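Below is one structure, written out as C-alpha cells; comments come after it.
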Amino acid sequence: MVSQFKEFILVLENKQALSGPLLLTLLCILAWLSEPWSGNWLAYDRYAIQGFETWRLLSANLVHTNGYHLLLNITALFLLTLLHGAHYHIRRFIKLFVWCAILTSLCIYCFSPHLIWYAGLSGALHGVFVWGACMDIRAGYKSGWLLLAGVTMKIFYEQRYGSAEDIEALINAAVAIDAHLYGGMAGLMFFLLFVMPELKRLKGKINNL
C-alpha cells in the first residue's frame, strides 16, 4: 500500500505519465466546445459510417452528450491515471487509447446493430482500466487482481441488469453498456499482444541456456 501511494506521487510528477491523459482531455474539451458541429460530424453514426465516414470510429470517443458526461469521463480518466500512470508512456498510452477506441466502435458496428448513435470516452476507458489492472498484475501488485475482478463484475452486471437510471438522466442519453464490454475486451487483447512477444523472447532465452 505504501509503495503504491508513492507511485501516486510519482505519477503526478511524471510528465510522461500525464502527457497522454492530458492530451486526451484537451481533445475532449475542444470537441465539447465545438458542439453542435462535433456531435454532428464526429459522433458514432451507423448510417454515416456506412457512407464511408470511417473517422467516426475513432472520433466518437472524443465527443460527449453534455458537460456532465464529459466531466464524468474526465474524472474517470484522472483516477485511472493515478492508479496506473506508472505504465503510461505517451506513445504506449496513445496506441492503447486508439486501439481501444477503434476496436470498441468496430465491435459496436459488427455486433450491436441496434446501437445507431454513440458518443463518449467510457468504452475506451474500460479498456484502459482492464489493461492497467493487467499491467499491475504483471508488476506483482495483488491489487491488480482486485481491480480486474471489480471491472469485470461491473461489466457483467451491466450486461445482466443494465445501467443506472440516474446516470442516464444525468448524461441525457442511454448508457452504451455494450461499449463497456467491447472496450474491456480490447484492453485485455492489447495487454496480451504486448506481453506475448516478451514471453516468447524469455522462452527463447531459457531454451538457449
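Here, A, B, ... name the chains of the C-alpha cells in the order displayed, residue numbers run from 1 inside each chain, and ligands are numbered from 1 in the same displayed order.
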- request: Name the residues in contact with A:Ser38 at a cut-off of 8 Å, using only C-alpha atoms, excluding same-chain residues fewer than 6 positions from it; report them as a count of residues only.
  value: 3
message: Need the shell around stretch 167-181 of chain A: protein/DNA/RNA residues with any atom at most 7 Å away, counting only C-alpha atoms. Skip same-chain ones fewer than 5 positions apart. Format as a list of chain:residue names?
response: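 Residues near the query, excluding close chain neighbours: A:Thr65, A:Asn66, A:Tyr68, A:His69, A:Thr104, A:Ile108, A:Ser122, A:Gly123, A:His126, A:Ile155, A:Glu158, A:Gln159.
Picture a line from atom CA of A:Ala164 to atom CA of A:Asn73; it runs 15.5 Å.
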message: Excluding stretch 141-153 of chain A and its own-chain neighbours fewer than 3 positions away, which residues fall within 12 Å of it when counting only C-alpha atoms? Please give them as a PyMOL selection string.
response: chain A and resi 1-4+80+83-84+125-138+156-161+180-185+187-188
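You will find atom CA of A:Gly20 at 9.2 Å from atom CA of A:Phe97.
Taking atom CA of A:His87 as the reference point, atom CA of A:Tyr118 is found at 28.8 Å.
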